[in-house]
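Working notes for the structure below.
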Amino acid sequence: MQGEFEMSMMGKMNYFLGLQIKQLNDGIFINQSKYCKELLKKFDMDSCKAMSTPMRFGTYVDQDESGVSIDITKYRCMIGSLLNLTASRPEIMFSIYLCARFQENPKESHLMAVIRIMKYLKGTTNVGLWYPKGSVCNLLGYSDAYYAGCKTDRESTSGKCHILGNALVSWSCKKKT
């Protein structure tokens, strides 16, 4: 490539498109701890109590039409900021997308769910993706469907994930119409 393009060797890659990359002898670790800490500081959550899970077991988030309305701009900003973390944090994706459904008319109960996700991030800022060296590169795909599973509108939900070797490379969950 150096014959075709002007290039300079800068050593191992440490930071790329907001991702922190650590190249070790036994694999590569990718995370967004710097962004996560900045996110918590931006929303005054940097001194909050940490939670062990992004959502409580059995949490039910619905339209909450009788709930107290909140600042729509702040809520959307929080959701958008959290979505940027999903590049290296697939474990929070479901919780964020569940809260993102209510961006049109967010209520206080929805904000509490987002705050819970932020509190989870407080205790897990250094979590990321680990790609071990020398792992088998088989591609596996899994999918599942939950028919009429949404309690709000009885629509079906389907999900899928793809694993390359030992590492998750894509994940999605979608509500069907």
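Lettering and numbering for the structure tokens are positional, with chains as A, B, ... in the shown order, residues counted from 1 in each chain, and ligands counted from 1 in the shown order.
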(message) Give me, as JSON, numbers by chain, all polymer residues having an atom no more than 6 Å from A:Tyr120, counting only C-alpha atoms and skipping those fewer than 6 positions away in the same chain.
(response) {"A": [50, 51, 52, 53, 54]}
(request) Would you mind writing down, as JSON, numbers by chain, each residue of chain A that DSSP on the backbone assigns to strand (DSSP E)? (result) {"A": [15, 16, 19, 20, 21, 22, 23, 24, 27, 28, 29, 30, 31, 128, 129, 130, 131, 132, 139, 140, 141, 142, 143, 144, 145, 146, 157, 158, 159, 160, 161, 162, 163, 164, 167, 168, 169, 170, 171, 172, 173, 174, 175]}
Written selection (N, CA and C atoms) as a CSV table (one decimal), in the first residue's frame:
chain,number,residue,atom,x,y,z
A,15,TYR,N,-6.4,4.5,19.3
A,15,TYR,CA,-7.7,5.2,19.3
A,15,TYR,C,-8.1,5.3,17.9
A,16,PHE,N,-9.4,4.9,17.6
A,16,PHE,CA,-9.9,4.9,16.3
A,16,PHE,C,-11.4,5.2,16.3
A,19,LEU,N,-13.2,4.7,19.6
A,19,LEU,CA,-12.9,3.4,20.2
A,19,LEU,C,-11.5,3.4,20.7
A,20,GLN,N,-11.3,3.0,22.0
A,20,GLN,CA,-10.0,2.8,22.5
A,20,GLN,C,-9.6,1.3,22.2
A,21,ILE,N,-8.4,1.2,21.7
A,21,ILE,CA,-8.0,-0.2,21.2
A,21,ILE,C,-6.7,-0.5,21.9
A,22,LYS,N,-6.7,-1.7,22.6
A,22,LYS,CA,-5.5,-2.2,23.2
A,22,LYS,C,-5.1,-3.5,22.5
A,23,GLN,N,-3.9,-3.4,21.8
A,23,GLN,CA,-3.4,-4.6,21.1
A,23,GLN,C,-2.4,-5.3,22.1
A,24,LEU,N,-2.8,-6.5,22.5
A,24,LEU,CA,-2.0,-7.3,23.4
A,24,LEU,C,-1.5,-8.6,22.7
A,27,GLY,N,-4.5,-11.0,22.2
A,27,GLY,CA,-5.7,-10.5,21.6
A,27,GLY,C,-5.9,-9.0,21.5
A,28,ILE,N,-7.0,-8.6,21.2
A,28,ILE,CA,-7.3,-7.1,21.0
A,28,ILE,C,-8.5,-6.8,21.9
A,29,PHE,N,-8.4,-5.7,22.7
A,29,PHE,CA,-9.5,-5.3,23.6
A,29,PHE,C,-10.0,-3.9,23.1
A,30,ILE,N,-11.3,-3.8,22.9
A,30,ILE,CA,-11.9,-2.6,22.4
A,30,ILE,C,-12.9,-2.1,23.4
A,31,ASN,N,-12.8,-0.8,23.8
A,31,ASN,CA,-13.8,-0.2,24.7
A,31,ASN,C,-13.9,1.3,24.4
A,128,GLY,N,-15.7,-3.8,27.7
A,128,GLY,CA,-15.6,-3.7,26.3
A,128,GLY,C,-15.7,-5.0,25.6
A,129,LEU,N,-15.2,-5.1,24.4
A,129,LEU,CA,-15.2,-6.3,23.6
A,129,LEU,C,-13.8,-6.9,23.6
A,130,TRP,N,-13.6,-8.2,23.8
A,130,TRP,CA,-12.4,-8.9,23.8
A,130,TRP,C,-12.3,-9.9,22.6
A,131,TYR,N,-11.4,-9.7,21.7
A,131,TYR,CA,-11.2,-10.5,20.5
A,131,TYR,C,-9.9,-11.3,20.8
A,132,PRO,N,-9.9,-12.6,21.2
A,132,PRO,CA,-8.7,-13.3,21.5
A,132,PRO,C,-8.0,-13.7,20.2
A,139,LEU,N,-18.4,-18.4,11.9
A,139,LEU,CA,-19.4,-17.4,12.0
A,139,LEU,C,-20.7,-18.2,12.4
A,140,LEU,N,-21.3,-17.8,13.6
A,140,LEU,CA,-22.5,-18.4,14.0
A,140,LEU,C,-23.6,-17.3,14.1
A,141,GLY,N,-24.8,-17.7,13.7
A,141,GLY,CA,-25.9,-16.8,13.8
A,141,GLY,C,-27.1,-17.4,14.6
A,142,TYR,N,-27.7,-16.6,15.4
A,142,TYR,CA,-28.8,-17.1,16.2
A,142,TYR,C,-30.0,-16.1,16.0
A,143,SER,N,-31.2,-16.6,16.0
A,143,SER,CA,-32.3,-15.7,15.9
A,143,SER,C,-33.5,-16.3,16.8
A,144,ASP,N,-34.4,-15.4,17.2
A,144,ASP,CA,-35.5,-15.8,18.0
A,144,ASP,C,-36.6,-14.8,17.7
A,145,ALA,N,-37.8,-15.2,17.9
A,145,ALA,CA,-39.0,-14.4,17.7
A,145,ALA,C,-40.0,-14.6,18.9
A,146,TYR,N,-40.6,-13.5,19.3
A,146,TYR,CA,-41.5,-13.5,20.4
A,146,TYR,C,-42.8,-12.9,19.9
A,157,THR,N,-41.8,-9.3,18.4
A,157,THR,CA,-40.4,-8.8,18.5
A,157,THR,C,-39.5,-10.0,18.0
A,158,SER,N,-38.5,-9.6,17.2
A,158,SER,CA,-37.5,-10.6,16.8
A,158,SER,C,-36.1,-10.1,17.1
A,159,GLY,N,-35.2,-11.0,17.3
A,159,GLY,CA,-33.9,-10.6,17.6
A,159,GLY,C,-32.9,-11.6,17.0
A,160,LYS,N,-31.7,-11.1,16.7
A,160,LYS,CA,-30.6,-11.9,16.1
A,160,LYS,C,-29.3,-11.5,16.6
A,161,CYS,N,-28.3,-12.4,16.5
A,161,CYS,CA,-26.9,-12.0,16.8
A,161,CYS,C,-26.0,-12.9,16.0
A,162,HIS,N,-24.8,-12.3,15.7
A,162,HIS,CA,-23.8,-13.0,14.9
A,162,HIS,C,-22.5,-13.0,15.7
A,163,ILE,N,-21.9,-14.2,15.9
A,163,ILE,CA,-20.7,-14.4,16.6
A,163,ILE,C,-19.6,-14.9,15.7
A,164,LEU,N,-18.5,-14.2,15.6
A,164,LEU,CA,-17.4,-14.6,14.8
A,164,LEU,C,-16.3,-15.1,15.8
A,167,ALA,N,-16.3,-13.8,19.6
A,167,ALA,CA,-16.7,-12.5,19.8
A,167,ALA,C,-18.0,-12.1,19.1
A,168,LEU,N,-18.9,-11.4,19.8
A,168,LEU,CA,-20.1,-10.9,19.2
A,168,LEU,C,-19.7,-9.8,18.2
A,169,VAL,N,-20.2,-9.9,16.9
A,169,VAL,CA,-19.9,-8.8,15.9
A,169,VAL,C,-21.1,-8.1,15.5
A,170,SER,N,-22.3,-8.6,15.7
A,170,SER,CA,-23.6,-7.9,15.4
A,170,SER,C,-24.7,-8.4,16.2
A,171,TRP,N,-25.6,-7.5,16.5
A,171,TRP,CA,-26.8,-7.8,17.3
A,171,TRP,C,-27.9,-6.9,17.0
A,172,SER,N,-29.1,-7.4,16.9
A,172,SER,CA,-30.3,-6.5,16.7
A,172,SER,C,-31.5,-7.1,17.3
A,173,CYS,N,-32.4,-6.2,17.6
A,173,CYS,CA,-33.7,-6.6,18.2
A,173,CYS,C,-34.7,-5.6,17.5
A,174,LYS,N,-35.8,-6.1,16.9
A,174,LYS,CA,-36.7,-5.3,16.2
A,174,LYS,C,-38.1,-5.7,16.5
A,175,LYS,N,-39.0,-4.6,16.7
A,175,LYS,CA,-40.4,-4.9,16.8
A,175,LYS,C,-41.0,-4.9,15.4
List as a compact mmCIF listing (two decimals) with C-alpha atoms, in the first residue's frame the protein and nucleic acid residues near stretch 43-49 of chain A, meaning an atom at most 12 Å away when only C-alpha atoms are counted, but skip any in the same chain fewer than 3 places from it.
# COMPACT_ATOMS: atom_id res chain seq x y z
CA CYS A 36 -18.36 6.66 28.94
CA LYS A 37 -16.75 8.86 31.61
CA GLU A 38 -17.40 12.01 29.54
CA LEU A 39 -21.03 10.94 29.08
CA LEU A 40 -21.54 10.48 32.81
CA SER A 52 -24.99 -3.97 38.76
CA LYS A 74 -32.51 16.28 27.22
CA TYR A 75 -34.08 12.82 26.94
CA CYS A 77 -29.69 13.75 23.92
CA MET A 78 -29.27 11.07 26.60
CA ILE A 79 -30.57 8.33 24.29
CA SER A 81 -25.30 9.59 23.62
CA LEU A 82 -26.01 6.10 24.93
CA VAL A 114 -32.33 5.83 31.31
CA ILE A 115 -30.80 6.98 34.61
CA ARG A 116 -30.60 3.34 35.69
CA ILE A 117 -28.61 2.57 32.52
CA MET A 118 -26.26 5.46 33.33
CA LYS A 119 -25.80 4.14 36.88
CA TYR A 120 -24.91 0.76 35.40
CA LEU A 121 -22.29 2.47 33.21
CA LYS A 122 -20.82 4.14 36.28
CA GLY A 123 -19.78 0.74 37.63
CA THR A 124 -18.73 -0.74 34.27
CA THR A 125 -16.82 2.03 32.46
(request) Name all residues at most 10 Å from stretch 63-65 of chain A (count only C-alpha atoms; drop same-chain ones fewer than 4 positions away) and give them as a PyMOL selection string. (result) chain A and resi 69+101-102+105-110+152-153
(request) Grab the atom CA of A:Ser33 to atom CA of A:Cys137 distance for me, in Å with one decimal place. (result)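 Value for the atom CA of A:Ser33-atom CA of A:Cys137 distance: 27.0 Å.
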(request) Please indicate the distance in Å from atom CA of A:Gly18 to atom CA of A:Gln32, rounded to one decimal place. (result) 6.9 Å
